[in-house]
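Colleague: Please read through the structure below; I'll follow up with questions.
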Amino acid sequence: MSTAARTLTLEWLNAAPAAQSRDALAGVYEHSPWIAEAALAGRPFATLAALKRALVEAVRDAGTDRQLALIRAHPELAGKAMVAKALTAESAGEQGRAGLTECTPAEFARIQQLNADYNAKFGFPFILAVRGPRGTGLVKREIIDTFARRLANPAEFERAECLRQIHRIAEIRLDEKFGAEPALGNRILDWADALAHHSDPGYAERGELTVTYLTDAHRACARQLQHWMRDDCGFDEVHIDAVGNVVGLYHGSNRDAPRLLTGSHYDTVRNGGRYDGRLGIFVPMVCVRELHRAGRRLPFGIEGVAFAEEEGQRYKAVFLGSGALAGHFDPRWLDQTDADGVSMRDAMRRAGLAIDHIAQMKRDPRRYLGFVEVHIEQGPVLAELDAPLGIVTSINGSVRYLCEITGMASHAGTTPMAMRRDAAAAAAELVLYLEQRASQEPHLVGTVGMLAVPNGSINVVPGRCAFSLDIRATTDAVRDACERDVLERLRAICERRGLIFTAEETIRAPAAPSAPEWQARWERAVQSLGLPLVHLPSGAGHDAMKLHEVMPQAMLFQRGLNAGISHNPLEAITNDDTELAVRAFQHLLDGLAQEARSPAA
């Protein structure tokens, strides 16, 4: 049998002569056999993921000239090579599956114009893995929209994005050569798609995903999760608790042993993505499903929680779900009202929740091994490193302020520059200082996300300026030092300019460093897959922050597509990366089981 017809195995690839193994990988990277040749120098490969990583590293280490040659070796989408039927078999199949061989005249003209504009700007062809996150193909509308959006990218970013797309194309082709199907990753993407059918009114009609606390869509999500946990995954006990969390318990062989607590949130930001939070619900769900299907019990139970609220979109309080488990639900929150004047208390009553039982939800940490959470990174670091998974070292501590500077509104034409009391100019000066100050230390970030001149006019010197401050760092000490400097600079700016200011602290959350022993468990899980260890802090807040207050915790990040964008409809992940996250979680479970059975445990 020829290698072209062979379903490859790592055993064969590791043992085959160099020329045969290189030829077996022909077509994985377009017209670039040097990539396979360089990667195969690192044989043997313990996992398919390790082979994929070696190929990525071969491209990374090749230098800019060879990287550009690789990009230029790819044909244009719906370009001359397709029309002339000169594509490689792999490219022809991929473009055909995406419907690019059946474009309408208008679609074809649009793509041709995009090709011309893209080449004129960047000097290389537009590369897109048209088979998409599932490997089943994007539709033409998605392809055209992505093409147009990426035209606005800076050149260096776009070159890196093309290489990321090439690696995704290669990954799909490798899966087919090795007969590898990321079935568990696909299951999670299926669940995410199905759950995204529920969205709040006003957003659902526009095809946008928004699920805020205790709306009809939110409650529909809870029912769906409850059904999947019980009927599809085989959790032994499933219920919706007093704040709307969906709690599933899969008993261990020893019901008296401490449990593993895990989960994430199912509410979303407005017009958000379908994986933020929900990935961390689905990964342990599918792991329990596999245990149940195998009739297997671990020496400990698994308690998976789909937290009802984390985002703070409907009410000002955040982490309602995980906070209740930590015993930190503040009864005063019940009197908060949403934009329609509905109090949290009334919303909970309408949902049939037992408000009087909230205090009883507090977990006894002695009954738990710890808390782990899988989450999309929500940032560009893993994408930049071409790494599917990353180990979280700490969740950043944060502090937020709502500020206002008051000066004197005056005529823009008649007020001399030296006599102005311009509130907006003072705020602008502070914004630039914050940017400079936060850049002085690693893992410290500062943001002014809201900036407004109330009742401003084009011909009036701003007399008021309202803005926000958000400062985060991996340690509270670094955060607090930046906070002091920024507030002192705000005071000095206003004093020099003859202005006054207010600064109201709205949120202060302590940093949550990962428990060393749990971080080490994630490290062993990632290494077992043949992947490099990538450590990074989390700049975003997570439910793990609340559980950190009562038990050890550690998080695993999964890479996102589109440079890791999140809180956005462009939020996306691949089935292959998701499969790796599941395998890492399974390895963590198996490791815990071995620890529980060991004599020293």
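Following the order of the structure tokens, first chain is A, next is B, and so on, with residues numbered from 1 inside each chain and ligands from 1 in the order they appear.
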Fewer than 5 positions away in the same chain doesn't count, so skip those; otherwise give me all residues within 8 Å of range 169-185 of chain A, counting only C-alpha atoms, as a PyMOL selection string.
Modeller: chain A and resi 6-9+25+28-29+52+90+129+131+135+286+574-580+582
Colleague: Write out as JSON, numbers by chain which residues come within 10 Å of Ala387 in chain A when counting only C-alpha atoms, dropping same-chain ones fewer than 2 positions away.
Modeller: {"A": [53, 56, 381, 382, 383, 384, 385, 389, 390, 531, 532, 533, 534, 558, 559, 577]}
Colleague: Could you save those same residues with N, CA and C atoms as a CSV table (one decimal), in the first residue's frame?
Modeller:
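See out04.csv below for the written result:
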```
chain,number,residue,atom,x,y,z
A,53,ARG,N,3.1,20.2,16.8
A,53,ARG,CA,3.9,21.2,17.4
A,53,ARG,C,5.2,21.3,16.7
A,56,VAL,N,4.9,23.2,13.6
A,56,VAL,CA,4.7,24.6,13.9
A,56,VAL,C,6.1,25.3,14.2
A,381,VAL,N,-2.2,35.8,23.8
A,381,VAL,CA,-0.9,35.2,24.1
A,381,VAL,C,-0.8,33.8,23.5
A,382,LEU,N,-1.7,32.9,23.7
A,382,LEU,CA,-1.6,31.6,23.2
A,382,LEU,C,-1.6,31.6,21.7
A,383,ALA,N,-2.5,32.4,21.1
A,383,ALA,CA,-2.5,32.5,19.6
A,383,ALA,C,-1.2,32.9,19.1
A,384,GLU,N,-0.6,33.9,19.7
A,384,GLU,CA,0.7,34.4,19.3
A,384,GLU,C,1.8,33.3,19.4
A,385,LEU,N,1.7,32.5,20.4
A,385,LEU,CA,2.7,31.4,20.6
A,385,LEU,C,2.3,30.1,19.9
A,389,LEU,N,-2.9,25.2,24.6
A,389,LEU,CA,-3.3,25.2,26.0
A,389,LEU,C,-2.2,26.0,26.8
A,390,GLY,N,-2.7,26.6,27.9
A,390,GLY,CA,-1.8,27.4,28.8
A,390,GLY,C,-2.2,27.2,30.2
A,531,LEU,N,2.7,18.6,24.5
A,531,LEU,CA,2.6,20.1,24.3
A,531,LEU,C,3.6,20.8,25.2
A,532,PRO,N,4.1,22.0,24.7
A,532,PRO,CA,5.0,22.7,25.6
A,532,PRO,C,4.2,23.4,26.7
A,533,LEU,N,4.9,23.7,27.8
A,533,LEU,CA,4.3,24.3,28.9
A,533,LEU,C,4.3,25.8,28.7
A,534,VAL,N,3.2,26.4,28.7
A,534,VAL,CA,3.1,27.9,28.6
A,534,VAL,C,2.4,28.4,29.8
A,558,GLN,N,-7.5,27.7,27.2
A,558,GLN,CA,-7.5,27.2,25.8
A,558,GLN,C,-7.4,28.3,24.9
A,559,ARG,N,-6.7,28.2,23.8
A,559,ARG,CA,-6.5,29.2,22.8
A,559,ARG,C,-7.8,29.5,22.1
A,577,ASP,N,-8.3,21.9,19.4
A,577,ASP,CA,-7.9,22.4,20.7
A,577,ASP,C,-8.8,22.0,21.8
```
Colleague: If you count only C-alpha atoms, which residues fall within 10 Å of Cys233 in chain A, apart from same-chain ones fewer than 2 positions away, as an MDAnalysis selection string?
Modeller: chainID A and resid 227:231 235:236 248 250 284:293
Colleague: Quick one: residues within 10 Å of Ala412 in chain A, only C-alpha atoms counted, chain neighbours fewer than 4 positions away excluded, as an mmCIF file with C-alpha atoms, in the first residue's frame?
Modeller:
```cif
data_model
loop_
_atom_site.group_PDB
_atom_site.id
_atom_site.type_symbol
_atom_site.label_atom_id
_atom_site.label_comp_id
_atom_site.auth_asym_id
_atom_site.auth_seq_id
_atom_site.Cartn_x
_atom_site.Cartn_y
_atom_site.Cartn_z
ATOM 1 C CA PRO A 416 -7.492 81.816 25.544
ATOM 2 C CA MET A 417 -5.593 78.545 25.882
ATOM 3 C CA ARG A 420 -8.970 77.368 30.143
ATOM 4 C CA SER A 457 -20.597 70.601 22.301
ATOM 5 C CA ILE A 458 -18.157 71.072 19.434
ATOM 6 C CA ASN A 459 -17.617 74.734 20.256
ATOM 7 C CA VAL A 460 -17.440 74.515 24.059
ATOM 8 C CA VAL A 461 -14.388 73.883 26.236
ATOM 9 C CA PRO A 462 -15.361 70.796 28.258
#
```
Colleague: Just list the residues in range 286-357 of chain A DSSP gives strand (DSSP E) on the backbone, as a ChimeraX atom specification.
Modeller: /A:302-307
Colleague: Mind checking which residues fall within 9 Å of Ser394 in chain A, counting only C-alpha atoms, ignoring those fewer than 2 positions away in the same chain, and posting them as JSON, numbers by chain?
Modeller: {"A": [392, 396, 397, 474, 475, 511, 512, 513, 514, 515, 536, 537, 538, 539, 554, 555]}
Colleague: Restricting the output to N, CA and C atoms, write the selected residues as a tab-separated table (two decimals), in the first residue's frame.
Modeller:
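File selection-v3.tsv, as written:
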```tsv
chain	number	residue	atom	x	y	z
A	392	VAL	N	-2.54	28.67	33.90
A	392	VAL	CA	-2.73	29.97	34.55
A	392	VAL	C	-1.96	30.00	35.86
A	396	ASN	N	-5.44	37.96	37.98
A	396	ASN	CA	-5.02	39.29	38.41
A	396	ASN	C	-5.97	39.91	39.43
A	397	GLY	N	-5.38	40.57	40.40
A	397	GLY	CA	-6.17	41.42	41.28
A	397	GLY	C	-6.55	42.69	40.54
A	474	THR	N	-0.87	40.89	38.68
A	474	THR	CA	-0.83	39.54	39.23
A	474	THR	C	-0.70	39.53	40.75
A	475	THR	N	-0.23	40.65	41.32
A	475	THR	CA	-0.17	40.75	42.78
A	475	THR	C	-0.88	42.03	43.22
A	511	ALA	N	-5.93	39.46	44.06
A	511	ALA	CA	-5.33	38.50	43.14
A	511	ALA	C	-5.55	37.09	43.68
A	512	ALA	N	-5.62	36.13	42.75
A	512	ALA	CA	-5.87	34.74	43.13
A	512	ALA	C	-4.80	33.86	42.50
A	513	PRO	N	-3.63	33.74	43.12
A	513	PRO	CA	-2.59	32.88	42.57
A	513	PRO	C	-3.01	31.42	42.60
A	514	SER	N	-2.61	30.68	41.59
A	514	SER	CA	-2.95	29.26	41.52
A	514	SER	C	-2.24	28.50	42.65
A	515	ALA	N	-2.94	27.52	43.20
A	515	ALA	CA	-2.32	26.66	44.21
A	515	ALA	C	-1.22	25.84	43.53
A	536	LEU	N	0.92	31.66	32.00
A	536	LEU	CA	0.46	33.04	31.82
A	536	LEU	C	-0.54	33.40	32.90
A	537	PRO	N	-0.60	34.68	33.25
A	537	PRO	CA	-1.62	35.13	34.21
A	537	PRO	C	-2.93	35.38	33.48
A	538	SER	N	-3.99	35.42	34.23
A	538	SER	CA	-5.29	35.79	33.67
A	538	SER	C	-5.58	37.24	34.03
A	539	GLY	N	-5.71	38.07	33.00
A	539	GLY	CA	-6.08	39.46	33.25
A	539	GLY	C	-7.57	39.62	33.50
A	554	ALA	N	-6.94	26.18	40.48
A	554	ALA	CA	-6.03	26.42	39.36
A	554	ALA	C	-6.83	26.31	38.07
A	555	MET	N	-6.39	27.07	37.07
A	555	MET	CA	-7.12	27.14	35.81
A	555	MET	C	-6.26	26.68	34.64
```
Colleague: Determine, for each residue of range 338-433 of chain A having at least one atom at most 8 Å from an atom of range 490-507 of chain A, the closest pair of atoms and their separation in Å to one decimal, counting only C-alpha atoms; order by chain and ascending number, as a tab-separated table.
Modeller:
```
residue	atom	partner	partner_atom	distance
A:Ser398	CA	A:Ile507	CA	7.5
A:Val399	CA	A:Ile507	CA	5.5
A:Arg400	CA	A:Ile507	CA	5.2
A:Tyr401	CA	A:Glu505	CA	4.3
A:Leu402	CA	A:Glu504	CA	5.2
A:Cys403	CA	A:Ala503	CA	4.3
A:Glu404	CA	A:Thr502	CA	5.3
A:Ile405	CA	A:Phe501	CA	4.3
A:Thr406	CA	A:Ile500	CA	5.3
A:Gly407	CA	A:Leu499	CA	4.9
A:Arg421	CA	A:Arg497	CA	6.2
A:Asp422	CA	A:Arg497	CA	7.9
A:Ala423	CA	A:Leu499	CA	7.2
A:Ala426	CA	A:Ile493	CA	6.4
A:Glu429	CA	A:Ile493	CA	7.9
A:Leu430	CA	A:Leu490	CA	6.3
```
Colleague: Keeping all heavy atoms, export the residues of the selection given above as a short mmCIF file (atom, residue, chain, number, x, y, z; two decimals), in the first residue's frame.
Modeller:
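Done, and the output landed in part-v4.cif:
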```cif
data_model
loop_
_atom_site.label_atom_id
_atom_site.label_comp_id
_atom_site.auth_asym_id
_atom_site.auth_seq_id
_atom_site.Cartn_x
_atom_site.Cartn_y
_atom_site.Cartn_z
N SER A 398 -7.72 43.24 40.83
CA SER A 398 -8.19 44.40 40.08
C SER A 398 -8.81 45.43 41.01
O SER A 398 -9.25 45.12 42.13
CB SER A 398 -9.23 43.98 39.03
OG SER A 398 -10.39 43.45 39.65
N VAL A 399 -8.80 46.66 40.54
CA VAL A 399 -9.53 47.74 41.22
C VAL A 399 -10.11 48.63 40.13
O VAL A 399 -9.48 48.85 39.09
CB VAL A 399 -8.61 48.53 42.17
CG1 VAL A 399 -7.48 49.24 41.43
CG2 VAL A 399 -9.41 49.53 42.99
N ARG A 400 -11.32 49.12 40.36
CA ARG A 400 -11.99 49.97 39.38
C ARG A 400 -12.53 51.22 40.06
O ARG A 400 -12.97 51.16 41.22
CB ARG A 400 -13.15 49.23 38.70
CG ARG A 400 -12.75 48.03 37.87
CD ARG A 400 -13.97 47.36 37.27
NE ARG A 400 -13.61 46.12 36.59
CZ ARG A 400 -14.50 45.27 36.07
NH1 ARG A 400 -15.80 45.54 36.17
NH2 ARG A 400 -14.09 44.17 35.48
N TYR A 401 -12.50 52.32 39.31
CA TYR A 401 -13.03 53.58 39.78
C TYR A 401 -13.92 54.19 38.70
O TYR A 401 -13.67 54.01 37.50
CB TYR A 401 -11.91 54.58 40.08
CG TYR A 401 -11.13 54.33 41.34
CD1 TYR A 401 -10.05 53.47 41.36
CD2 TYR A 401 -11.49 54.98 42.53
CE1 TYR A 401 -9.33 53.26 42.52
CE2 TYR A 401 -10.77 54.78 43.69
CZ TYR A 401 -9.70 53.91 43.69
OH TYR A 401 -8.99 53.71 44.84
N LEU A 402 -14.93 54.91 39.14
CA LEU A 402 -15.66 55.84 38.28
C LEU A 402 -15.27 57.24 38.72
O LEU A 402 -15.42 57.60 39.89
CB LEU A 402 -17.17 55.64 38.40
CG LEU A 402 -17.72 54.34 37.80
CD1 LEU A 402 -19.22 54.23 38.05
CD2 LEU A 402 -17.41 54.23 36.32
N CYS A 403 -14.75 58.02 37.80
CA CYS A 403 -14.18 59.33 38.13
C CYS A 403 -14.87 60.43 37.33
O CYS A 403 -15.43 60.19 36.26
CB CYS A 403 -12.68 59.35 37.80
SG CYS A 403 -11.73 58.04 38.57
N GLU A 404 -14.79 61.62 37.87
CA GLU A 404 -15.28 62.79 37.14
C GLU A 404 -14.40 63.99 37.48
O GLU A 404 -14.08 64.23 38.65
CB GLU A 404 -16.73 63.11 37.46
CG GLU A 404 -17.28 64.25 36.62
CD GLU A 404 -18.78 64.40 36.76
OE1 GLU A 404 -19.52 63.53 36.26
OE2 GLU A 404 -19.20 65.40 37.37
N ILE A 405 -13.98 64.70 36.44
CA ILE A 405 -13.22 65.94 36.59
C ILE A 405 -14.15 67.10 36.24
O ILE A 405 -14.87 67.04 35.23
CB ILE A 405 -11.98 65.96 35.68
CG1 ILE A 405 -11.02 64.84 36.08
CG2 ILE A 405 -11.28 67.31 35.74
CD1 ILE A 405 -9.83 64.69 35.14
N THR A 406 -14.15 68.13 37.07
CA THR A 406 -14.99 69.29 36.84
C THR A 406 -14.11 70.53 36.68
O THR A 406 -13.25 70.80 37.53
CB THR A 406 -15.98 69.50 37.99
OG1 THR A 406 -16.77 68.32 38.15
CG2 THR A 406 -16.90 70.69 37.70
N GLY A 407 -14.34 71.27 35.59
CA GLY A 407 -13.63 72.52 35.34
C GLY A 407 -14.62 73.63 35.09
O GLY A 407 -15.55 73.84 35.87
N ARG A 421 -10.04 75.96 31.77
CA ARG A 421 -10.12 74.92 32.81
C ARG A 421 -10.80 73.71 32.15
O ARG A 421 -11.97 73.43 32.38
CB ARG A 421 -10.87 75.43 34.03
CG ARG A 421 -10.13 76.58 34.74
CD ARG A 421 -11.01 77.25 35.78
NE ARG A 421 -11.45 76.28 36.80
CZ ARG A 421 -12.45 76.49 37.65
NH1 ARG A 421 -13.12 77.63 37.59
NH2 ARG A 421 -12.77 75.58 38.55
N ASP A 422 -10.02 73.05 31.30
CA ASP A 422 -10.53 72.00 30.39
C ASP A 422 -10.49 70.64 31.08
O ASP A 422 -9.42 70.06 31.30
CB ASP A 422 -9.67 72.00 29.13
CG ASP A 422 -10.23 71.10 28.03
OD1 ASP A 422 -10.87 70.09 28.36
OD2 ASP A 422 -10.00 71.42 26.84
N ALA A 423 -11.66 70.12 31.41
CA ALA A 423 -11.73 68.85 32.11
C ALA A 423 -11.30 67.68 31.22
O ALA A 423 -10.65 66.73 31.69
CB ALA A 423 -13.15 68.62 32.62
N ALA A 426 -7.50 67.41 30.90
CA ALA A 426 -6.92 66.82 32.11
C ALA A 426 -7.08 65.31 32.10
O ALA A 426 -6.15 64.56 32.45
CB ALA A 426 -7.58 67.42 33.34
N GLU A 429 -4.63 63.75 29.72
CA GLU A 429 -3.30 63.70 30.30
C GLU A 429 -3.17 62.51 31.24
O GLU A 429 -2.15 61.80 31.26
CB GLU A 429 -3.03 65.01 31.06
CG GLU A 429 -1.61 65.14 31.57
CD GLU A 429 -1.34 66.48 32.24
OE1 GLU A 429 -2.13 67.43 32.03
OE2 GLU A 429 -0.35 66.56 32.98
N LEU A 430 -4.23 62.22 32.00
CA LEU A 430 -4.19 61.08 32.92
C LEU A 430 -4.19 59.76 32.15
O LEU A 430 -3.51 58.81 32.55
CB LEU A 430 -5.38 61.14 33.87
CG LEU A 430 -5.33 60.07 34.97
CD1 LEU A 430 -4.26 60.40 36.00
CD2 LEU A 430 -6.68 59.89 35.64
#
```
Colleague: Distance CA of Ala92 in chain A-CA of Ile127 in chain A, one decimal place?
Modeller: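 We find that CA of Ala92 in chain A and CA of Ile127 in chain A lie 14.1 Å from each other.
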Colleague: Please compute the CA of Arg22 in chain A-CA of His167 in chain A distance, one decimal, in Å.
Modeller: 17.1 Å
Colleague: Between A:Pro552, A:Gly234, A:Pro33, A:Gly42, which has the minimum distance to Pro365 in chain A (counting only C-alpha atoms)?
Modeller: A:Pro552
Colleague: Report as a count of residues only all protein, DNA and RNA residues lying within 9 Å of range 267-275 of chain A, evaluated on only C-alpha atoms, omitting residues in the same chain fewer than 5 positions from it.
Modeller: 33
Colleague: Identify which of the residues A:Leu70, A:Ala347, A:Val445, A:Ala81 lies closest to Arg314 in chain A, counting only C-alpha atoms when measuring atom-to-atom distances.
Modeller: A:Ala347
